[in-house]
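> So here's final_5.cif (mmCIF, N, CA and C atoms).
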data_upload
loop_
_atom_site.label_atom_id
_atom_site.label_comp_id
_atom_site.auth_asym_id
_atom_site.auth_seq_id
_atom_site.Cartn_x
_atom_site.Cartn_y
_atom_site.Cartn_z
N MET A 1 -1.10 -11.74 -6.72
CA MET A 1 -0.02 -10.87 -6.33
C MET A 1 0.90 -11.55 -5.32
N TRP A 2 1.15 -12.83 -5.59
CA TRP A 2 2.07 -13.60 -4.76
C TRP A 2 3.38 -12.84 -4.62
N TRP A 3 3.86 -12.26 -5.70
CA TRP A 3 5.15 -11.57 -5.68
C TRP A 3 5.16 -10.46 -4.64
N VAL A 4 4.07 -9.67 -4.55
CA VAL A 4 4.00 -8.55 -3.61
C VAL A 4 4.13 -9.05 -2.18
N THR A 5 3.45 -10.14 -1.87
CA THR A 5 3.43 -10.62 -0.49
C THR A 5 4.67 -11.40 -0.08
N THR A 6 5.50 -11.79 -1.02
CA THR A 6 6.67 -12.60 -0.67
C THR A 6 7.99 -11.84 -0.71
N GLN A 7 7.94 -10.55 -0.96
CA GLN A 7 9.18 -9.77 -1.02
C GLN A 7 9.73 -9.55 0.38
N LYS A 8 10.96 -9.92 0.60
CA LYS A 8 11.58 -9.84 1.92
C LYS A 8 11.62 -8.41 2.45
N ASN A 9 11.92 -7.45 1.58
CA ASN A 9 12.03 -6.05 1.99
C ASN A 9 10.89 -5.19 1.50
N GLY A 10 9.76 -5.79 1.19
CA GLY A 10 8.62 -5.03 0.69
C GLY A 10 8.65 -4.92 -0.82
N ALA A 11 7.52 -4.56 -1.38
CA ALA A 11 7.38 -4.47 -2.84
C ALA A 11 7.52 -3.02 -3.28
N SER A 12 8.32 -2.78 -4.28
CA SER A 12 8.47 -1.43 -4.82
C SER A 12 7.65 -1.30 -6.09
N ALA A 13 7.32 -0.08 -6.46
CA ALA A 13 6.58 0.17 -7.70
C ALA A 13 7.39 -0.30 -8.90
N LEU A 14 8.70 -0.05 -8.90
CA LEU A 14 9.53 -0.47 -10.03
C LEU A 14 9.62 -1.98 -10.15
N GLY A 15 9.71 -2.66 -9.01
CA GLY A 15 9.74 -4.12 -9.03
C GLY A 15 8.42 -4.69 -9.55
N LEU A 16 7.32 -4.12 -9.11
CA LEU A 16 6.01 -4.55 -9.59
C LEU A 16 5.86 -4.27 -11.07
N GLN A 17 6.40 -3.15 -11.50
CA GLN A 17 6.38 -2.81 -12.93
C GLN A 17 7.10 -3.88 -13.74
N ARG A 18 8.27 -4.32 -13.26
CA ARG A 18 9.04 -5.34 -13.98
C ARG A 18 8.30 -6.67 -14.04
N VAL A 19 7.72 -7.08 -12.90
CA VAL A 19 7.03 -8.36 -12.84
C VAL A 19 5.80 -8.37 -13.75
N LEU A 20 5.07 -7.26 -13.79
CA LEU A 20 3.86 -7.19 -14.60
C LEU A 20 4.16 -6.86 -16.06
N GLY A 21 5.40 -6.50 -16.36
CA GLY A 21 5.77 -6.18 -17.73
C GLY A 21 5.19 -4.87 -18.22
N LEU A 22 5.00 -3.92 -17.30
CA LEU A 22 4.44 -2.62 -17.67
C LEU A 22 5.55 -1.71 -18.18
N LYS A 23 5.19 -0.84 -19.10
CA LYS A 23 6.16 0.13 -19.64
C LYS A 23 6.48 1.18 -18.60
N ALA A 24 5.47 1.68 -17.90
CA ALA A 24 5.71 2.72 -16.89
C ALA A 24 4.57 2.73 -15.89
N MET A 25 4.92 2.83 -14.61
CA MET A 25 3.90 2.97 -13.58
C MET A 25 3.92 4.39 -13.02
N ARG A 26 5.00 5.08 -13.21
CA ARG A 26 5.08 6.47 -12.77
C ARG A 26 6.16 7.16 -13.58
N GLN A 27 6.06 8.45 -13.67
CA GLN A 27 7.08 9.22 -14.36
C GLN A 27 7.98 9.83 -13.30
N PRO A 28 9.29 9.77 -13.47
CA PRO A 28 10.19 10.35 -12.49
C PRO A 28 9.83 11.81 -12.22
N GLY A 29 9.81 12.18 -10.94
CA GLY A 29 9.48 13.55 -10.57
C GLY A 29 8.00 13.86 -10.58
N HIS A 30 7.14 12.85 -10.82
CA HIS A 30 5.71 13.11 -10.90
C HIS A 30 4.93 12.32 -9.85
N GLY A 31 5.51 12.05 -8.72
CA GLY A 31 4.78 11.41 -7.64
C GLY A 31 5.13 9.96 -7.42
N CYS A 32 4.31 9.30 -6.60
CA CYS A 32 4.51 7.93 -6.18
C CYS A 32 3.36 7.08 -6.70
N THR A 33 3.54 5.79 -6.66
CA THR A 33 2.44 4.89 -6.97
C THR A 33 2.06 4.18 -5.69
N SER A 34 0.78 4.22 -5.37
CA SER A 34 0.27 3.54 -4.19
C SER A 34 -0.68 2.45 -4.65
N PHE A 35 -0.77 1.37 -3.88
CA PHE A 35 -1.72 0.33 -4.26
C PHE A 35 -2.41 -0.24 -3.04
N THR A 36 -3.61 -0.75 -3.27
CA THR A 36 -4.32 -1.49 -2.25
C THR A 36 -4.58 -2.88 -2.79
N ALA A 37 -4.52 -3.86 -1.92
CA ALA A 37 -4.79 -5.25 -2.30
C ALA A 37 -5.89 -5.78 -1.39
N GLN A 38 -6.92 -6.31 -1.97
CA GLN A 38 -8.04 -6.84 -1.22
C GLN A 38 -7.75 -8.26 -0.78
N GLU A 39 -8.00 -8.56 0.49
CA GLU A 39 -7.84 -9.92 0.99
C GLU A 39 -9.01 -10.76 0.51
N ASP A 40 -8.73 -11.94 0.02
CA ASP A 40 -9.75 -12.83 -0.50
C ASP A 40 -9.49 -14.22 0.05
N GLY A 41 -9.95 -14.47 1.27
CA GLY A 41 -9.66 -15.74 1.93
C GLY A 41 -8.18 -15.83 2.24
N ALA A 42 -7.56 -16.89 1.77
CA ALA A 42 -6.12 -17.05 1.99
C ALA A 42 -5.29 -16.34 0.93
N GLY A 43 -5.96 -15.77 -0.09
CA GLY A 43 -5.24 -15.13 -1.19
C GLY A 43 -5.49 -13.64 -1.26
N ILE A 44 -5.20 -13.10 -2.43
CA ILE A 44 -5.38 -11.67 -2.67
C ILE A 44 -6.41 -11.51 -3.78
N GLY A 45 -7.34 -10.59 -3.56
CA GLY A 45 -8.36 -10.31 -4.55
C GLY A 45 -7.95 -9.15 -5.44
N ARG A 46 -8.80 -8.15 -5.56
CA ARG A 46 -8.54 -7.01 -6.43
C ARG A 46 -7.36 -6.18 -5.98
N ILE A 47 -6.64 -5.68 -6.96
CA ILE A 47 -5.52 -4.76 -6.72
C ILE A 47 -5.90 -3.43 -7.34
N ARG A 48 -5.69 -2.35 -6.61
CA ARG A 48 -5.96 -1.01 -7.13
C ARG A 48 -4.67 -0.20 -7.06
N LEU A 49 -4.30 0.42 -8.17
CA LEU A 49 -3.10 1.24 -8.24
C LEU A 49 -3.50 2.67 -8.55
N ARG A 50 -2.77 3.62 -8.01
CA ARG A 50 -3.01 5.01 -8.34
C ARG A 50 -1.72 5.79 -8.15
N GLN A 51 -1.49 6.71 -9.06
CA GLN A 51 -0.37 7.63 -8.90
C GLN A 51 -0.81 8.72 -7.93
N ILE A 52 0.02 8.98 -6.94
CA ILE A 52 -0.26 10.03 -5.96
C ILE A 52 0.90 11.01 -5.97
N VAL A 53 0.64 12.20 -5.47
CA VAL A 53 1.64 13.27 -5.50
C VAL A 53 2.85 12.93 -4.65
N ASP A 54 2.60 12.42 -3.43
CA ASP A 54 3.68 12.08 -2.51
C ASP A 54 3.15 11.06 -1.50
N ALA A 55 3.93 10.73 -0.52
CA ALA A 55 3.54 9.72 0.46
C ALA A 55 2.98 10.34 1.74
N SER A 56 2.43 11.55 1.62
CA SER A 56 1.87 12.22 2.79
C SER A 56 0.47 11.68 3.09
N ALA A 57 0.00 11.97 4.30
CA ALA A 57 -1.36 11.57 4.67
C ALA A 57 -2.38 12.23 3.75
N GLN A 58 -2.11 13.45 3.31
CA GLN A 58 -3.04 14.15 2.42
C GLN A 58 -3.20 13.43 1.08
N SER A 59 -2.21 12.68 0.66
CA SER A 59 -2.29 11.92 -0.58
C SER A 59 -2.77 10.48 -0.35
N LEU A 60 -2.28 9.83 0.71
CA LEU A 60 -2.58 8.43 0.95
C LEU A 60 -4.00 8.18 1.45
N VAL A 61 -4.46 8.97 2.41
CA VAL A 61 -5.75 8.70 3.04
C VAL A 61 -6.92 8.82 2.06
N PRO A 62 -6.98 9.84 1.19
CA PRO A 62 -8.08 9.87 0.22
C PRO A 62 -8.09 8.65 -0.71
N PHE A 63 -6.91 8.18 -1.09
CA PHE A 63 -6.84 6.98 -1.93
C PHE A 63 -7.41 5.77 -1.19
N VAL A 64 -7.05 5.62 0.08
CA VAL A 64 -7.59 4.50 0.87
C VAL A 64 -9.10 4.63 0.97
N ARG A 65 -9.60 5.83 1.24
CA ARG A 65 -11.05 6.03 1.38
C ARG A 65 -11.81 5.70 0.09
N GLU A 66 -11.20 5.97 -1.04
CA GLU A 66 -11.85 5.67 -2.33
C GLU A 66 -11.74 4.19 -2.70
N SER A 67 -10.76 3.49 -2.12
CA SER A 67 -10.48 2.11 -2.52
C SER A 67 -10.96 1.05 -1.54
N VAL A 68 -11.14 1.43 -0.27
CA VAL A 68 -11.42 0.45 0.78
C VAL A 68 -12.74 0.79 1.47
N VAL A 69 -13.56 -0.22 1.64
CA VAL A 69 -14.87 -0.05 2.28
C VAL A 69 -14.68 0.31 3.76
N ALA A 70 -15.46 1.30 4.23
CA ALA A 70 -15.42 1.70 5.64
C ALA A 70 -15.70 0.49 6.52
N GLY A 71 -15.01 0.40 7.65
CA GLY A 71 -15.16 -0.72 8.56
C GLY A 71 -14.17 -1.84 8.31
N SER A 72 -13.45 -1.77 7.19
CA SER A 72 -12.45 -2.79 6.85
C SER A 72 -11.20 -2.62 7.70
N THR A 73 -10.42 -3.68 7.78
CA THR A 73 -9.12 -3.61 8.42
C THR A 73 -8.09 -3.29 7.35
N VAL A 74 -7.29 -2.26 7.59
CA VAL A 74 -6.26 -1.84 6.66
C VAL A 74 -4.91 -2.18 7.27
N HIS A 75 -4.13 -3.00 6.57
CA HIS A 75 -2.79 -3.38 7.01
C HIS A 75 -1.79 -2.52 6.25
N THR A 76 -0.91 -1.85 6.96
CA THR A 76 0.12 -1.03 6.33
C THR A 76 1.44 -1.27 7.05
N ASP A 77 2.50 -0.69 6.45
CA ASP A 77 3.75 -0.62 7.19
C ASP A 77 3.57 0.54 8.18
N GLY A 78 4.57 0.92 8.88
CA GLY A 78 4.44 1.94 9.90
C GLY A 78 4.61 3.37 9.41
N TRP A 79 4.48 3.59 8.11
CA TRP A 79 4.67 4.92 7.54
C TRP A 79 3.72 5.92 8.19
N LEU A 80 4.24 7.08 8.59
CA LEU A 80 3.45 8.09 9.31
C LEU A 80 2.26 8.62 8.51
N GLY A 81 2.33 8.55 7.20
CA GLY A 81 1.23 9.03 6.37
C GLY A 81 -0.06 8.24 6.57
N TYR A 82 0.04 7.05 7.15
CA TYR A 82 -1.15 6.23 7.40
C TYR A 82 -1.75 6.45 8.79
N LEU A 83 -1.11 7.23 9.65
CA LEU A 83 -1.59 7.42 11.02
C LEU A 83 -3.04 7.89 11.11
N PRO A 84 -3.52 8.80 10.23
CA PRO A 84 -4.91 9.23 10.34
C PRO A 84 -5.93 8.11 10.18
N LEU A 85 -5.52 6.98 9.63
CA LEU A 85 -6.46 5.86 9.48
C LEU A 85 -6.91 5.32 10.83
N LYS A 86 -6.08 5.46 11.86
CA LYS A 86 -6.44 4.96 13.20
C LYS A 86 -7.65 5.69 13.76
N SER A 87 -7.79 6.97 13.45
CA SER A 87 -8.90 7.74 14.01
C SER A 87 -10.06 7.88 13.03
N SER A 88 -10.02 7.16 11.94
CA SER A 88 -11.09 7.26 10.96
C SER A 88 -11.97 6.02 11.00
N GLU A 89 -12.60 5.73 9.92
CA GLU A 89 -13.58 4.64 9.86
C GLU A 89 -12.97 3.26 9.60
N TYR A 90 -11.67 3.09 9.77
CA TYR A 90 -11.01 1.82 9.50
C TYR A 90 -10.35 1.26 10.75
N GLN A 91 -10.19 -0.06 10.77
CA GLN A 91 -9.32 -0.70 11.74
C GLN A 91 -7.94 -0.67 11.08
N HIS A 92 -6.95 -0.11 11.74
CA HIS A 92 -5.62 0.03 11.15
C HIS A 92 -4.64 -0.83 11.91
N GLU A 93 -3.99 -1.73 11.19
CA GLU A 93 -2.97 -2.59 11.80
C GLU A 93 -1.64 -2.38 11.09
N VAL A 94 -0.61 -2.13 11.88
CA VAL A 94 0.73 -1.95 11.34
C VAL A 94 1.42 -3.30 11.34
N THR A 95 1.99 -3.66 10.19
CA THR A 95 2.69 -4.92 10.04
C THR A 95 4.16 -4.65 9.76
N CYS A 96 5.04 -5.17 10.59
CA CYS A 96 6.48 -5.02 10.37
C CYS A 96 6.94 -6.06 9.36
N LEU A 97 8.02 -5.75 8.68
CA LEU A 97 8.61 -6.72 7.76
C LEU A 97 9.05 -7.95 8.54
N LYS A 98 8.95 -9.09 7.91
CA LYS A 98 9.32 -10.34 8.57
C LYS A 98 10.77 -10.26 9.09
N GLY A 99 10.92 -10.59 10.34
CA GLY A 99 12.25 -10.58 10.93
C GLY A 99 12.67 -9.23 11.48
N SER A 100 11.78 -8.23 11.37
CA SER A 100 12.11 -6.90 11.86
C SER A 100 11.15 -6.50 12.96
N THR A 101 11.63 -5.72 13.90
CA THR A 101 10.76 -5.20 14.95
C THR A 101 10.48 -3.71 14.73
N LYS A 102 11.03 -3.14 13.66
CA LYS A 102 10.87 -1.72 13.38
C LYS A 102 9.87 -1.50 12.26
N THR A 103 9.10 -0.43 12.39
CA THR A 103 8.16 -0.05 11.34
C THR A 103 8.87 0.83 10.31
N ALA A 104 8.18 1.13 9.22
CA ALA A 104 8.80 1.93 8.15
C ALA A 104 9.03 3.37 8.56
N SER A 105 8.34 3.83 9.60
CA SER A 105 8.53 5.23 10.00
C SER A 105 9.81 5.39 10.79
#
Show how you would write the structure in this file as structure tokens.

Amino acid sequence: MWWVTTQKNGASALGLQRVLGLKAMRQPGHGCTSFTAQEDGAGIGRIRLRQIVDASAQSLVPFVRESVVAGSTVHTDGWLGYLPLKSSEYQHEVTCLKGSTKTAS
């Protein structure tokens, strides 16, 4: 997933769809696509995708819990939907886009 990690402004579901040659990753009006990428040394290991209803904590946190082992470090942008991860079983680190001092929230 070199493409995901090298996008200057972050990776979008539609951009990932184009790169992977997928017909559809989500249907308009039917939610968002969220993904987790496992760190594997200097590279990326498994990728998990799931359609979620919206970008709220109620949608994002259960997906993270099902996809990521407790005790792991979870790197996200500063989106407010990820805030509950700080008080749960994960180490949560917010990463700003390269060259930016602002988070996504």
> Counting all atoms listed in the file, select every polymer residue within 7 Å of (-11.4, -1.2, -4.0) as defined in the file's coordinates, and provide the selection as a list in words.
Arg46, Ile47, Arg48, Glu66, Ser67, Val68 and Val69 of chain A
> Pick out each residue of segment 39-70 of chain A that DSSP on the backbone tags as strand (DSSP E); I need them as a list of chain:residue names.
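Across segment 39-70 of chain A, those assigned strand (DSSP E) are A:Glu39, A:Asp40, A:Gly43, A:Ile44, A:Gly45, A:Arg46, A:Ile47, A:Arg48, A:Leu49, A:Arg50, A:Gln51, A:Ile52.
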> Could you turn the residues from that selection into a file that holds N, CA and C atoms, as a short mmCIF file (atom, residue, chain, number, x, y, z; two decimals), in the coordinates of the input?

data_model
loop_
_atom_site.label_atom_id
_atom_site.label_comp_id
_atom_site.auth_asym_id
_atom_site.auth_seq_id
_atom_site.Cartn_x
_atom_site.Cartn_y
_atom_site.Cartn_z
N GLU A 39 -8.00 -8.56 0.49
CA GLU A 39 -7.84 -9.92 0.99
C GLU A 39 -9.01 -10.76 0.51
N ASP A 40 -8.73 -11.94 0.02
CA ASP A 40 -9.75 -12.83 -0.50
C ASP A 40 -9.49 -14.22 0.05
N GLY A 43 -5.96 -15.77 -0.09
CA GLY A 43 -5.24 -15.13 -1.19
C GLY A 43 -5.49 -13.64 -1.26
N ILE A 44 -5.20 -13.10 -2.43
CA ILE A 44 -5.38 -11.67 -2.67
C ILE A 44 -6.41 -11.51 -3.78
N GLY A 45 -7.34 -10.59 -3.56
CA GLY A 45 -8.36 -10.31 -4.55
C GLY A 45 -7.95 -9.15 -5.44
N ARG A 46 -8.80 -8.15 -5.56
CA ARG A 46 -8.54 -7.01 -6.43
C ARG A 46 -7.36 -6.18 -5.98
N ILE A 47 -6.64 -5.68 -6.96
CA ILE A 47 -5.52 -4.76 -6.72
C ILE A 47 -5.90 -3.43 -7.34
N ARG A 48 -5.69 -2.35 -6.61
CA ARG A 48 -5.96 -1.01 -7.13
C ARG A 48 -4.67 -0.20 -7.06
N LEU A 49 -4.30 0.42 -8.17
CA LEU A 49 -3.10 1.24 -8.24
C LEU A 49 -3.50 2.67 -8.55
N ARG A 50 -2.77 3.62 -8.01
CA ARG A 50 -3.01 5.01 -8.34
C ARG A 50 -1.72 5.79 -8.15
N GLN A 51 -1.49 6.71 -9.06
CA GLN A 51 -0.37 7.63 -8.90
C GLN A 51 -0.81 8.72 -7.93
N ILE A 52 0.02 8.98 -6.94
CA ILE A 52 -0.26 10.03 -5.96
C ILE A 52 0.90 11.01 -5.97
#
> Mind giving me the axis-aligned box for segment 55-71 of chain A with 8 Å on every side, centre plus edges in Å to one decimal, as AutoDock Vina command-line options?

--center_x -5.9 --center_y 6.2 --center_z 2.9 --size_x 35.6 --size_y 32.0 --size_z 27.3
> Which value, in Å to one decimal, gives the distance between atom CA of Asp40 of chain A and atom CA of Val53 of chain A?
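Separation between atom CA of Asp40 of chain A and atom CA of Val53 of chain A: 28.9 Å.
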> Rounded to one decimal in Å, what is the spacing between atom CA of His92 of chain A and atom CA of Thr73 of chain A?
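Between these atoms lies a distance of 5.7 Å.
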> Please measure the separation of atom CA of Arg50 of chain A and atom CA of Gln7 of chain A, giving the value in Å to one decimal.
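So the two atoms, atom CA of Arg50 of chain A and atom CA of Gln7 of chain A, lie 20.5 Å apart.
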> On this structure, which residues satisfy the PyMOL selection byres ((chain A and resi 54) around 5), written as a VMD selection string?
chain A and resid 31 to 32 52 to 53 55 to 56
> Take the PyMOL selection byres ((chain A and resi 75) around 6.5), run it mentally on this structure, and tell me the resulting residues as an MDAnalysis selection string.
chainID A and resid 73:74 76:77 91:95
> Using all atoms listed in the file, pick whichever of A:Gln58, A:Ser88, A:Ser34, A:Asn9 has the shortest atom-to-atom distance to Ala70 of chain A.
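Distance minimum relative to Ala70 of chain A lands on A:Ser88.
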